[in-house]
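Undergrad: I'm passing along run-v4.cif; it holds mmCIF, C-alpha atoms.
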```cif
data_input
#
loop_
_atom_site.label_atom_id
_atom_site.label_comp_id
_atom_site.auth_asym_id
_atom_site.auth_seq_id
_atom_site.Cartn_x
_atom_site.Cartn_y
_atom_site.Cartn_z
CA MET N 1390 0.00 0.00 0.00
CA LYS N 1391 1.08 3.54 -0.67
CA THR N 1392 0.03 6.80 0.93
CA MET N 1393 -1.30 9.29 -1.59
CA ASN N 1394 -2.07 12.97 -1.10
CA ILE N 1395 -4.93 14.06 -3.35
CA ARG N 1396 -4.86 17.83 -3.86
CA MET N 1397 -8.25 19.44 -4.33
CA PHE N 1398 -9.02 22.55 -6.35
CA GLY N 1399 -11.95 24.72 -7.37
CA ALA N 1400 -15.38 23.29 -6.62
CA MET N 1401 -13.80 20.40 -4.72
CA ARG N 1402 -12.74 22.88 -2.03
CA LYS N 1403 -16.41 23.37 -1.23
CA TYR N 1404 -16.36 19.85 0.23
CA PHE N 1405 -12.69 19.65 1.25
CA PRO N 1406 -11.67 23.15 2.39
CA SER N 1407 -8.20 21.97 3.42
CA GLY N 1408 -7.50 21.28 -0.24
CA GLN N 1409 -6.25 17.77 0.32
CA LEU N 1410 -7.31 14.24 1.09
CA ILE N 1411 -4.91 11.50 2.23
CA MET N 1412 -5.61 7.92 1.23
CA GLU N 1413 -4.00 4.51 0.94
CA LEU N 1414 -3.74 2.91 -2.48
CA SER N 1415 -2.45 -0.39 -3.79
CA GLU N 1416 0.69 -0.39 -5.92
CA ASP N 1417 -1.17 -1.36 -9.11
CA CYS N 1418 -3.84 1.32 -8.90
CA ASP N 1419 -4.53 3.18 -12.13
CA VAL N 1420 -6.46 6.41 -12.62
CA ALA N 1421 -9.75 4.64 -13.34
CA ALA N 1422 -9.46 2.62 -10.13
CA LEU N 1423 -8.40 5.70 -8.19
CA ARG N 1424 -11.53 7.49 -9.38
CA GLN N 1425 -13.75 4.72 -7.96
CA ILE N 1426 -11.87 4.46 -4.67
CA LEU N 1427 -11.78 8.22 -4.29
CA LEU N 1428 -15.54 8.50 -4.74
CA GLN N 1429 -16.09 6.16 -1.80
CA LYS N 1430 -13.49 7.98 0.27
CA MET N 1431 -15.05 11.38 -0.49
CA ILE N 1432 -18.52 10.18 0.49
CA GLN N 1433 -17.06 8.70 3.66
CA GLU N 1434 -15.08 11.82 4.60
CA CYS N 1435 -17.66 14.42 3.64
CA THR N 1436 -21.34 13.65 4.18
CA ASP N 1437 -22.28 16.74 2.13
CA PHE N 1438 -20.53 15.37 -0.95
CA LYS N 1439 -23.18 14.05 -3.30
CA ASP N 1440 -21.83 15.46 -6.56
CA SER N 1441 -20.41 12.32 -8.14
CA ALA N 1442 -20.79 13.99 -11.55
CA LEU N 1443 -18.21 16.56 -10.51
CA LEU N 1444 -15.71 13.79 -9.85
CA SER N 1445 -16.59 12.10 -13.16
CA GLU N 1446 -15.90 15.35 -15.02
CA SER N 1447 -12.59 15.92 -13.21
CA ALA N 1448 -9.13 15.06 -14.48
CA PHE N 1449 -6.15 13.80 -12.52
CA SER N 1450 -2.70 15.27 -12.92
CA ASN N 1451 0.82 15.06 -11.64
CA HIS N 1452 2.60 18.41 -11.75
CA ASP N 1453 3.24 18.12 -15.49
CA GLU N 1454 0.31 16.67 -17.38
CA ILE N 1455 -3.19 15.26 -17.36
CA LEU N 1456 -3.11 11.54 -16.64
CA GLN N 1457 -4.93 8.97 -18.76
CA GLU N 1458 -7.40 6.56 -17.17
CA THR N 1459 -4.97 3.68 -17.67
CA ASP N 1460 -1.95 5.45 -16.17
CA LEU N 1461 -0.64 3.92 -12.97
CA VAL N 1462 -0.56 6.31 -10.06
CA CYS N 1463 1.77 4.36 -7.76
CA GLN N 1464 4.78 6.38 -8.95
CA GLN N 1465 3.29 9.50 -7.43
CA SER N 1466 3.02 10.57 -3.81
CA GLU N 1467 0.75 13.44 -4.76
CA ILE N 1468 -1.95 13.76 -7.41
CA ALA N 1469 -4.03 16.79 -8.26
CA LEU N 1470 -7.74 16.42 -8.84
CA LEU N 1471 -8.76 19.02 -11.42
CA PRO N 1472 -12.48 19.77 -11.80
CA PRO N 1473 -13.77 21.56 -14.93
CA VAL N 1474 -11.80 24.77 -15.40
CA CYS N 1475 -12.94 28.37 -15.72
CA GLY N 1476 -10.01 30.70 -16.30
CA GLY N 1477 -9.83 34.00 -18.12
CA MET J 243 15.10 36.11 -30.36
CA SER J 244 11.44 35.96 -29.37
CA THR J 245 10.07 36.00 -25.85
CA VAL J 246 7.36 34.12 -24.01
CA GLN J 247 6.65 35.40 -20.51
CA VAL J 248 3.97 33.97 -18.23
CA ILE J 249 2.99 35.36 -14.85
CA VAL J 250 0.49 33.86 -12.40
CA THR J 251 0.15 36.31 -9.56
CA GLU J 252 -1.95 37.58 -6.67
CA LYS J 253 -0.82 41.13 -7.44
CA GLU J 254 -2.78 43.62 -9.52
CA ILE J 255 -1.94 43.63 -13.21
CA ASP J 256 0.38 46.49 -14.06
CA PHE J 257 -1.37 48.18 -17.00
CA ASP J 258 1.62 50.39 -17.72
CA MET J 259 3.90 47.37 -18.04
CA VAL J 260 1.33 45.63 -20.27
CA ALA J 261 0.99 48.65 -22.56
CA ARG J 262 4.74 49.10 -22.93
CA TRP J 263 5.65 45.40 -23.25
CA ASN J 264 7.32 44.96 -26.62
CA PRO J 265 10.70 43.18 -26.57
CA SER J 266 11.30 43.52 -30.32
CA ALA J 267 12.00 46.85 -32.00
CA GLU J 268 11.11 45.33 -35.38
CA HIS J 269 7.55 44.57 -34.26
CA GLY J 270 5.03 47.18 -35.33
CA ALA J 271 1.94 45.54 -33.83
CA SER J 272 1.11 44.95 -30.20
CA ASN J 273 -2.26 43.47 -29.36
CA ALA J 274 -3.13 43.78 -25.68
CA PHE J 275 -6.20 41.93 -24.41
CA LEU J 276 -7.53 42.58 -20.91
CA GLY J 277 -10.24 40.58 -19.17
CA PHE J 278 -12.11 42.15 -16.25
CA VAL J 279 -14.38 40.84 -13.50
CA ARG J 280 -18.00 41.54 -14.51
CA ASN J 281 -20.78 42.52 -12.12
CA LEU J 282 -23.27 40.08 -13.64
CA ASN J 283 -23.22 36.40 -14.55
CA LEU J 284 -26.23 34.34 -15.59
CA GLY J 285 -28.59 36.90 -14.10
CA LYS J 286 -26.85 37.05 -10.72
CA SER J 287 -25.26 40.23 -9.39
CA VAL J 288 -21.59 39.55 -8.71
CA ILE J 289 -19.54 41.59 -6.23
CA ALA J 290 -16.26 39.66 -6.40
CA VAL J 291 -14.60 36.48 -7.63
CA GLU J 292 -11.89 34.24 -6.24
CA TYR J 293 -9.55 32.43 -8.64
CA ASP J 294 -7.99 29.17 -7.53
CA CYS J 295 -5.18 27.70 -9.63
CA PHE J 296 -2.74 24.81 -9.82
CA LYS J 297 0.17 27.13 -10.37
CA PRO J 298 2.98 24.88 -11.70
CA MET J 299 0.72 23.26 -14.27
CA CYS J 300 -0.94 26.57 -15.07
CA GLU J 301 2.41 28.12 -15.99
CA LYS J 302 3.25 25.07 -18.09
CA VAL J 303 -0.08 25.21 -19.96
CA PHE J 304 0.35 28.95 -20.59
CA ASN J 305 3.77 28.27 -22.11
CA GLN J 306 2.35 25.45 -24.25
CA ILE J 307 -0.46 27.64 -25.55
CA ALA J 308 1.91 30.52 -26.27
CA ASN J 309 4.26 28.25 -28.19
CA GLU J 310 1.34 26.83 -30.18
CA ALA J 311 0.34 30.37 -31.10
CA LYS J 312 3.92 31.16 -32.14
CA SER J 313 4.06 28.09 -34.35
CA LYS J 314 0.86 29.18 -36.11
CA TRP J 315 1.29 32.93 -36.39
CA GLY J 316 5.00 33.54 -36.27
CA ASP J 317 7.96 32.08 -34.42
CA ASP J 318 9.30 35.58 -33.95
CA SER J 319 6.21 36.81 -32.08
CA ASN J 320 6.51 37.80 -28.43
CA ILE J 321 3.83 36.72 -26.00
CA LEU J 322 3.03 37.84 -22.47
CA ILE J 323 0.33 36.12 -20.43
CA VAL J 324 -0.59 37.40 -16.97
CA HIS J 325 -3.35 35.79 -14.89
CA ARG J 326 -4.47 36.70 -11.40
CA HIS J 327 -5.35 34.32 -8.61
CA GLY J 328 -6.91 35.05 -5.26
CA ARG J 329 -9.85 37.38 -4.63
CA LEU J 330 -10.71 40.14 -7.11
CA SER J 331 -13.43 42.77 -6.96
CA VAL J 332 -15.69 43.70 -9.85
CA GLY J 333 -13.77 45.89 -12.28
CA GLU J 334 -10.35 44.41 -11.55
CA ALA J 335 -8.42 42.88 -14.44
CA SER J 336 -8.12 39.11 -14.16
CA VAL J 337 -6.09 38.39 -17.28
CA ALA J 338 -3.81 40.23 -19.70
CA ILE J 339 -2.42 38.90 -22.97
CA VAL J 340 0.02 40.82 -25.10
CA VAL J 341 1.16 39.59 -28.51
CA THR J 342 3.66 41.58 -30.51
CA THR J 343 4.30 40.76 -34.15
CA GLY J 344 5.59 42.39 -37.29
CA HIS J 345 2.08 43.20 -38.49
CA ARG J 346 -1.35 43.44 -36.87
CA ASP J 347 -3.15 40.46 -38.40
CA GLU J 348 -0.99 37.83 -36.69
CA SER J 349 -1.20 39.56 -33.33
CA TYR J 350 -5.03 39.67 -33.40
CA ARG J 351 -5.31 36.02 -34.40
CA SER J 352 -2.72 34.84 -31.94
CA SER J 353 -4.26 36.79 -29.06
CA ARG J 354 -7.73 35.38 -29.74
CA TYR J 355 -6.37 31.85 -29.89
CA ILE J 356 -4.56 32.26 -26.59
CA ILE J 357 -7.54 33.53 -24.58
CA GLU J 358 -9.86 30.84 -25.96
CA GLU J 359 -7.36 28.10 -25.12
CA ILE J 360 -6.76 29.48 -21.63
CA LYS J 361 -10.47 29.26 -20.91
CA THR J 362 -10.63 25.56 -21.72
CA ARG J 363 -7.17 24.26 -20.79
CA ALA J 364 -5.62 26.23 -17.95
CA PRO J 365 -6.12 24.73 -14.46
CA ILE J 366 -7.87 27.80 -13.05
CA TRP J 367 -11.19 27.89 -11.21
CA LYS J 368 -13.51 30.76 -10.37
CA LYS J 369 -15.73 31.22 -7.35
CA GLU J 370 -18.30 33.99 -7.58
CA PHE J 371 -19.52 36.05 -4.64
CA TYR J 372 -23.02 37.43 -5.08
CA VAL J 373 -24.83 40.47 -3.72
CA ASP J 374 -27.19 38.25 -1.70
CA GLY J 375 -24.25 36.73 0.21
CA GLN J 376 -24.23 33.42 -1.63
CA THR J 377 -21.20 31.98 -3.38
CA GLU J 378 -20.79 29.49 -6.20
CA TRP J 379 -17.91 27.80 -8.02
CA VAL J 380 -18.51 28.30 -11.73
CA ARG J 381 -18.89 25.00 -13.57
CA GLY J 382 -16.51 25.29 -16.52
CA HIS J 383 -14.84 23.07 -19.11
CA ALA J 384 -13.74 19.52 -18.34
CA LEU J 385 -10.07 18.91 -19.00
CA CYS J 386 -9.26 15.98 -21.20
CA GLN J 387 -6.21 14.48 -22.82
CA HIS J 388 -7.18 14.41 -26.47
CA ARG J 389 -7.67 17.71 -28.20
CA LYS J 390 -9.40 18.61 -31.46
CA VAL J 391 -8.87 22.27 -32.12
CA ASN J 392 -10.05 24.28 -35.08
CA HIS J 393 -7.25 26.79 -35.40
CA HIS J 394 -8.26 28.56 -38.56
CA GLU J 395 -11.96 29.36 -38.23
CA GLU J 396 -12.44 33.02 -37.54
CA HIS J 397 -15.53 32.73 -35.36
CA SER J 398 -15.53 29.37 -33.68
CA TRP J 399 -13.21 27.13 -31.77
CA THR J 400 -13.56 23.53 -30.75
CA ASP J 401 -12.99 23.08 -27.07
CA SER J 402 -10.79 20.45 -25.51
CA CYS J 403 -13.59 17.90 -25.28
CA GLY J 404 -14.83 18.31 -28.83
CA GLY J 405 -17.70 20.76 -28.23
CA THR J 406 -17.82 23.84 -30.40
CA VAL J 407 -17.41 27.14 -28.60
CA HIS J 408 -18.77 30.10 -30.53
CA SER J 409 -17.10 33.43 -30.28
CA HIS J 410 -20.29 35.25 -29.24
CA GLU J 411 -20.77 33.09 -26.16
CA THR J 412 -20.28 34.82 -22.86
CA ARG J 413 -17.96 32.73 -20.77
#
```
Could I get this structure in the form of structure tokens?

TA:
Amino acid sequence: MKTMNIRMFGAMRKYFPSGQLIMELSEDCDVAALRQILLQKMIQECTDFKDSALLSESAFSNHDEILQETDLVCQQSEIALLPPVCGG
Amino acid sequence: MSTVQVIVTEKEIDFDMVARWNPSAEHGASNAFLGFVRNLNLGKSVIAVEYDCFKPMCEKVFNQIANEAKSKWGDDSNILIVHRHGRLSVGEASVAIVVTTGHRDESYRSSRYIIEEIKTRAPIWKKEFYVDGQTEWVRGHALCQHRKVNHHEEHSWTDSCGGTVHSHETR
């Protein structure tokens, strides 16, 4: 198992004001699996979180690029969860 | 030697710096775009916004977009992108884009491309504060890996998830 820090941005801060969520993941966890595990963790940690569509529409990223659903996340100790963006 | 400069900052945008920014004496055109915080969005009276951003990736995406613009409208163009984060009141400038080129056509096209791409690709989020005391994170554009971009249409772009974004839309 590996400890992962999930950084939260934008609308996710409404549910996780600290901007992070710590969780344990298996070594072979990919982004698709992380998305499922994270949904359960978010519901568990925040009873107000009912917006699963927001998580579905969000991307995951290391500090460099958006990760694909099949990318393994075990190489990272920190992942950013990026909800739909609204810059400009 | 062309220049790309990106700044993600909590500080107010320096209009004087933006207006004077032109690293190349041979460039006769400078197109400066400024975006401001509006007092109205979707019928709600806005008093302020708060921008959240993932700064390291934001700076990287700004550089990518600027280099894409250079490859399309001139490798010798100079590009400055400034974006605020933190809380801004109505009337404050949230974004500035300056493109300098030899002639005006390339600078207009490049500038338009850059702002449209920023809106759909940069990891920036906006929370609106309303007159009635309520707040809301604006639901924007989902980031995705595969892009289909229409670079040459004058009045429409295709966003990062394949949906067409028309230039008259208020976003």

Undergrad: Rounded to one decimal, what separation in Å do you get between atom CA of N:Val1420 and atom CA of J:Asn305?

TA: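 Those two atoms sit 25.9 Å apart.
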
Undergrad: To test your reading of the syntax: which residues would the PyMOL selection byres ((chain J) within 7 of (chain N)) return for the file shown? Reply as a list in words.

TA: Gly277, Asp294, Pro298, Met299, Ser336, Val337, Ile357, Ile360, Lys361, Thr362, Ala364, Pro365, Ile366, Trp367, Lys368, Trp379, Val380, Arg381, Gly382, His383, Ala384, Leu385, Cys386 and Gln387 of chain J

Undergrad: Fewer than 6 positions away in the same chain doesn't count, so skip those; otherwise give me all residues within 9 Å of J:Phe275, counting all atoms listed in the file, as a list in words.

TA: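 Surrounding residues, per the criterion: Val337, Ala338, Ile339, Val340, Val341, Ser353, Arg354 and Ile357 of chain J.
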
Undergrad: Quick one: pull the distance between atom CA of J:Ser319 and atom CA of J:Thr342, Å, one decimal.

TA: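 These two atoms are separated by 5.6 Å.
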
Undergrad: For the structure shown, which residues end up in the PyMOL selection byres ((chain N and resi 1463) around 10)? Put them as number ranges by chain, please?

TA: N: 1390-1393, 1414-1420, 1460-1462, 1464-1467

Undergrad: Distance cut-off 9 Å, centre (-20.5, 38.7, -10.1) in file coordinates, counting only C-alpha atoms: which residues qualify? Return them as JSON, numbers by chain.

TA: {"J": [279, 280, 281, 282, 283, 286, 287, 288, 289, 290, 291, 331, 332, 370, 371, 372, 373]}

Undergrad: Restricting the calculation to all atoms listed in the file: of J:Lys297, J:Asp258, J:Glu378, J:Leu276, which residue gets closest to J:Gly328?

TA: J:Lys297

Undergrad: Let me know the centre plus edge lengths, in Å and rounded to one decimal, of a box with edges along x, y and z that contains all listed atoms of stretch 363-375 of chain J and is padded by 3 Å on every side, as lines of an AutoDock Vina configuration file.

TA:
```
center_x = -16.4
center_y = 32.4
center_z = -10.3
size_x = 27.6
size_y = 22.2
size_z = 27.0
```

Undergrad: Return the single residue from J:Ala267, J:Met243, J:Ile356, J:Ala335 that is closest to J:Glu310, with distances computed using all atoms listed in the file.

TA: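 Going through J:Ala267, J:Met243, J:Ile356, J:Ala335 one by one, the smallest distance to J:Glu310 is for J:Ile356.
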
Undergrad: Could you tell me, as a VMD selection string, exactly which residues end up selected when the PyMOL selection byres ((chain J and resi 264) around 10) is applied to this structure?

TA: chain J and resid 245 259 to 263 265 to 272 319 to 322 340 to 343

Undergrad: Would you export the selected residues with C-alpha atoms as a PDB file, in the coordinates of the input, please?

TA:
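Output below, filename selection_24.pdb:
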```pdb
ATOM      1  CA  THR J 245      10.070  36.000 -25.850  1.00  0.00           C
ATOM      2  CA  MET J 259       3.900  47.370 -18.040  1.00  0.00           C
ATOM      3  CA  VAL J 260       1.330  45.630 -20.270  1.00  0.00           C
ATOM      4  CA  ALA J 261       0.990  48.650 -22.560  1.00  0.00           C
ATOM      5  CA  ARG J 262       4.740  49.100 -22.930  1.00  0.00           C
ATOM      6  CA  TRP J 263       5.650  45.400 -23.250  1.00  0.00           C
ATOM      7  CA  PRO J 265      10.700  43.180 -26.570  1.00  0.00           C
ATOM      8  CA  SER J 266      11.300  43.520 -30.320  1.00  0.00           C
ATOM      9  CA  ALA J 267      12.000  46.850 -32.000  1.00  0.00           C
ATOM     10  CA  GLU J 268      11.110  45.330 -35.380  1.00  0.00           C
ATOM     11  CA  HIS J 269       7.550  44.570 -34.260  1.00  0.00           C
ATOM     12  CA  GLY J 270       5.030  47.180 -35.330  1.00  0.00           C
ATOM     13  CA  ALA J 271       1.940  45.540 -33.830  1.00  0.00           C
ATOM     14  CA  SER J 272       1.110  44.950 -30.200  1.00  0.00           C
ATOM     15  CA  SER J 319       6.210  36.810 -32.080  1.00  0.00           C
ATOM     16  CA  ASN J 320       6.510  37.800 -28.430  1.00  0.00           C
ATOM     17  CA  ILE J 321       3.830  36.720 -26.000  1.00  0.00           C
ATOM     18  CA  LEU J 322       3.030  37.840 -22.470  1.00  0.00           C
ATOM     19  CA  VAL J 340       0.020  40.820 -25.100  1.00  0.00           C
ATOM     20  CA  VAL J 341       1.160  39.590 -28.510  1.00  0.00           C
ATOM     21  CA  THR J 342       3.660  41.580 -30.510  1.00  0.00           C
ATOM     22  CA  THR J 343       4.300  40.760 -34.150  1.00  0.00           C
TER      23      THR J 343
END
```

Undergrad: Using only C-alpha atoms, which of J:Glu334, J:Leu284, J:Ala274, J:Ser349 sits nearest J:Glu254?

TA: J:Glu334

Undergrad: Enter the distance from atom CA of J:Arg326 to atom CA of J:Phe257, in Å, rounded to one decimal.

TA: 13.1 Å

Undergrad: Can I get a file of stretch 304-338 of chain J from the given structure, N, CA and C atoms kept, as a PDB file, in the first residue's frame?

TA:
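The resulting file, out-v7.pdb, is reproduced below:
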```
ATOM      1  N   PHE J 304       0.210  27.637 -19.950  1.00  0.00           N
ATOM      2  CA  PHE J 304       0.350  28.949 -20.592  1.00  0.00           C
ATOM      3  C   PHE J 304       1.508  28.934 -21.596  1.00  0.00           C
ATOM      4  N   ASN J 305       2.620  28.348 -21.190  1.00  0.00           N
ATOM      5  CA  ASN J 305       3.773  28.268 -22.107  1.00  0.00           C
ATOM      6  C   ASN J 305       3.446  27.418 -23.335  1.00  0.00           C
ATOM      7  N   GLN J 306       2.737  26.308 -23.115  1.00  0.00           N
ATOM      8  CA  GLN J 306       2.353  25.445 -24.248  1.00  0.00           C
ATOM      9  C   GLN J 306       1.468  26.218 -25.225  1.00  0.00           C
ATOM     10  N   ILE J 307       0.473  26.895 -24.691  1.00  0.00           N
ATOM     11  CA  ILE J 307      -0.461  27.638 -25.545  1.00  0.00           C
ATOM     12  C   ILE J 307       0.282  28.737 -26.312  1.00  0.00           C
ATOM     13  N   ALA J 308       1.152  29.441 -25.614  1.00  0.00           N
ATOM     14  CA  ALA J 308       1.913  30.521 -26.269  1.00  0.00           C
ATOM     15  C   ALA J 308       2.777  29.959 -27.396  1.00  0.00           C
ATOM     16  N   ASN J 309       3.407  28.831 -27.152  1.00  0.00           N
ATOM     17  CA  ASN J 309       4.262  28.251 -28.194  1.00  0.00           C
ATOM     18  C   ASN J 309       3.453  27.714 -29.373  1.00  0.00           C
ATOM     19  N   GLU J 310       2.236  27.224 -29.081  1.00  0.00           N
ATOM     20  CA  GLU J 310       1.343  26.829 -30.181  1.00  0.00           C
ATOM     21  C   GLU J 310       0.994  28.045 -31.037  1.00  0.00           C
ATOM     22  N   ALA J 311       0.683  29.136 -30.373  1.00  0.00           N
ATOM     23  CA  ALA J 311       0.343  30.370 -31.099  1.00  0.00           C
ATOM     24  C   ALA J 311       1.527  30.838 -31.940  1.00  0.00           C
ATOM     25  N   LYS J 312       2.725  30.757 -31.381  1.00  0.00           N
ATOM     26  CA  LYS J 312       3.916  31.161 -32.137  1.00  0.00           C
ATOM     27  C   LYS J 312       4.094  30.280 -33.370  1.00  0.00           C
ATOM     28  N   SER J 313       3.864  28.982 -33.211  1.00  0.00           N
ATOM     29  CA  SER J 313       4.061  28.088 -34.353  1.00  0.00           C
ATOM     30  C   SER J 313       3.054  28.361 -35.458  1.00  0.00           C
ATOM     31  N   LYS J 314       1.895  28.915 -35.107  1.00  0.00           N
ATOM     32  CA  LYS J 314       0.861  29.179 -36.112  1.00  0.00           C
ATOM     33  C   LYS J 314       0.966  30.567 -36.730  1.00  0.00           C
ATOM     34  N   TRP J 315       1.326  31.551 -35.897  1.00  0.00           N
ATOM     35  CA  TRP J 315       1.286  32.929 -36.394  1.00  0.00           C
ATOM     36  C   TRP J 315       2.614  33.658 -36.295  1.00  0.00           C
ATOM     37  N   GLY J 316       3.692  32.886 -36.204  1.00  0.00           N
ATOM     38  CA  GLY J 316       4.996  33.540 -36.273  1.00  0.00           C
ATOM     39  C   GLY J 316       5.913  33.182 -35.121  1.00  0.00           C
ATOM     40  N   ASP J 317       6.994  32.471 -35.460  1.00  0.00           N
ATOM     41  CA  ASP J 317       7.957  32.078 -34.425  1.00  0.00           C
ATOM     42  C   ASP J 317       8.649  33.280 -33.797  1.00  0.00           C
ATOM     43  N   ASP J 318       8.619  34.398 -34.500  1.00  0.00           N
ATOM     44  CA  ASP J 318       9.301  35.577 -33.951  1.00  0.00           C
ATOM     45  C   ASP J 318       8.380  36.428 -33.074  1.00  0.00           C
ATOM     46  N   SER J 319       7.117  35.997 -32.904  1.00  0.00           N
ATOM     47  CA  SER J 319       6.215  36.809 -32.081  1.00  0.00           C
ATOM     48  C   SER J 319       6.598  36.710 -30.606  1.00  0.00           C
ATOM     49  N   ASN J 320       6.280  37.766 -29.878  1.00  0.00           N
ATOM     50  CA  ASN J 320       6.506  37.803 -28.430  1.00  0.00           C
ATOM     51  C   ASN J 320       5.159  37.714 -27.730  1.00  0.00           C
ATOM     52  N   ILE J 321       5.112  36.932 -26.667  1.00  0.00           N
ATOM     53  CA  ILE J 321       3.826  36.717 -26.001  1.00  0.00           C
ATOM     54  C   ILE J 321       3.983  36.852 -24.490  1.00  0.00           C
ATOM     55  N   LEU J 322       3.108  37.666 -23.927  1.00  0.00           N
ATOM     56  CA  LEU J 322       3.035  37.843 -22.472  1.00  0.00           C
ATOM     57  C   LEU J 322       1.643  37.412 -22.006  1.00  0.00           C
ATOM     58  N   ILE J 323       1.609  36.527 -21.030  1.00  0.00           N
ATOM     59  CA  ILE J 323       0.330  36.119 -20.429  1.00  0.00           C
ATOM     60  C   ILE J 323       0.425  36.369 -18.926  1.00  0.00           C
ATOM     61  N   VAL J 324      -0.524  37.147 -18.414  1.00  0.00           N
ATOM     62  CA  VAL J 324      -0.590  37.404 -16.968  1.00  0.00           C
ATOM     63  C   VAL J 324      -1.979  36.982 -16.491  1.00  0.00           C
ATOM     64  N   HIS J 325      -2.050  36.188 -15.446  1.00  0.00           N
ATOM     65  CA  HIS J 325      -3.351  35.788 -14.891  1.00  0.00           C
ATOM     66  C   HIS J 325      -3.316  35.937 -13.381  1.00  0.00           C
ATOM     67  N   ARG J 326      -4.362  36.529 -12.857  1.00  0.00           N
ATOM     68  CA  ARG J 326      -4.471  36.697 -11.404  1.00  0.00           C
ATOM     69  C   ARG J 326      -4.977  35.427 -10.733  1.00  0.00           C
ATOM     70  N   HIS J 327      -4.632  35.251  -9.464  1.00  0.00           N
ATOM     71  CA  HIS J 327      -5.347  34.316  -8.606  1.00  0.00           C
ATOM     72  C   HIS J 327      -5.601  34.999  -7.283  1.00  0.00           C
ATOM     73  N   GLY J 328      -6.469  34.386  -6.473  1.00  0.00           N
ATOM     74  CA  GLY J 328      -6.914  35.048  -5.257  1.00  0.00           C
ATOM     75  C   GLY J 328      -8.209  35.813  -5.500  1.00  0.00           C
ATOM     76  N   ARG J 329      -8.557  36.687  -4.543  1.00  0.00           N
ATOM     77  CA  ARG J 329      -9.846  37.383  -4.631  1.00  0.00           C
ATOM     78  C   ARG J 329      -9.729  38.697  -5.398  1.00  0.00           C
ATOM     79  N   LEU J 330     -10.663  38.914  -6.308  1.00  0.00           N
ATOM     80  CA  LEU J 330     -10.708  40.140  -7.113  1.00  0.00           C
ATOM     81  C   LEU J 330     -12.095  40.758  -7.018  1.00  0.00           C
ATOM     82  N   SER J 331     -12.144  42.066  -6.958  1.00  0.00           N
ATOM     83  CA  SER J 331     -13.427  42.769  -6.959  1.00  0.00           C
ATOM     84  C   SER J 331     -13.875  43.027  -8.393  1.00  0.00           C
ATOM     85  N   VAL J 332     -15.159  43.318  -8.537  1.00  0.00           N
ATOM     86  CA  VAL J 332     -15.693  43.704  -9.851  1.00  0.00           C
ATOM     87  C   VAL J 332     -14.881  44.888 -10.386  1.00  0.00           C
ATOM     88  N   GLY J 333     -14.527  44.812 -11.657  1.00  0.00           N
ATOM     89  CA  GLY J 333     -13.773  45.894 -12.282  1.00  0.00           C
ATOM     90  C   GLY J 333     -12.274  45.673 -12.307  1.00  0.00           C
ATOM     91  N   GLU J 334     -11.786  44.699 -11.514  1.00  0.00           N
ATOM     92  CA  GLU J 334     -10.347  44.405 -11.548  1.00  0.00           C
ATOM     93  C   GLU J 334     -10.032  43.524 -12.754  1.00  0.00           C
ATOM     94  N   ALA J 335      -8.857  43.702 -13.299  1.00  0.00           N
ATOM     95  CA  ALA J 335      -8.420  42.880 -14.439  1.00  0.00           C
ATOM     96  C   ALA J 335      -7.958  41.521 -13.936  1.00  0.00           C
ATOM     97  N   SER J 336      -8.491  40.470 -14.559  1.00  0.00           N
ATOM     98  CA  SER J 336      -8.124  39.107 -14.158  1.00  0.00           C
ATOM     99  C   SER J 336      -7.070  38.508 -15.079  1.00  0.00           C
ATOM    100  N   VAL J 337      -7.026  38.968 -16.316  1.00  0.00           N
ATOM    101  CA  VAL J 337      -6.092  38.389 -17.279  1.00  0.00           C
ATOM    102  C   VAL J 337      -5.622  39.459 -18.266  1.00  0.00           C
ATOM    103  N   ALA J 338      -4.365  39.365 -18.648  1.00  0.00           N
ATOM    104  CA  ALA J 338      -3.814  40.230 -19.696  1.00  0.00           C
ATOM    105  C   ALA J 338      -3.001  39.360 -20.645  1.00  0.00           C
TER     106      ALA J 338
END
```
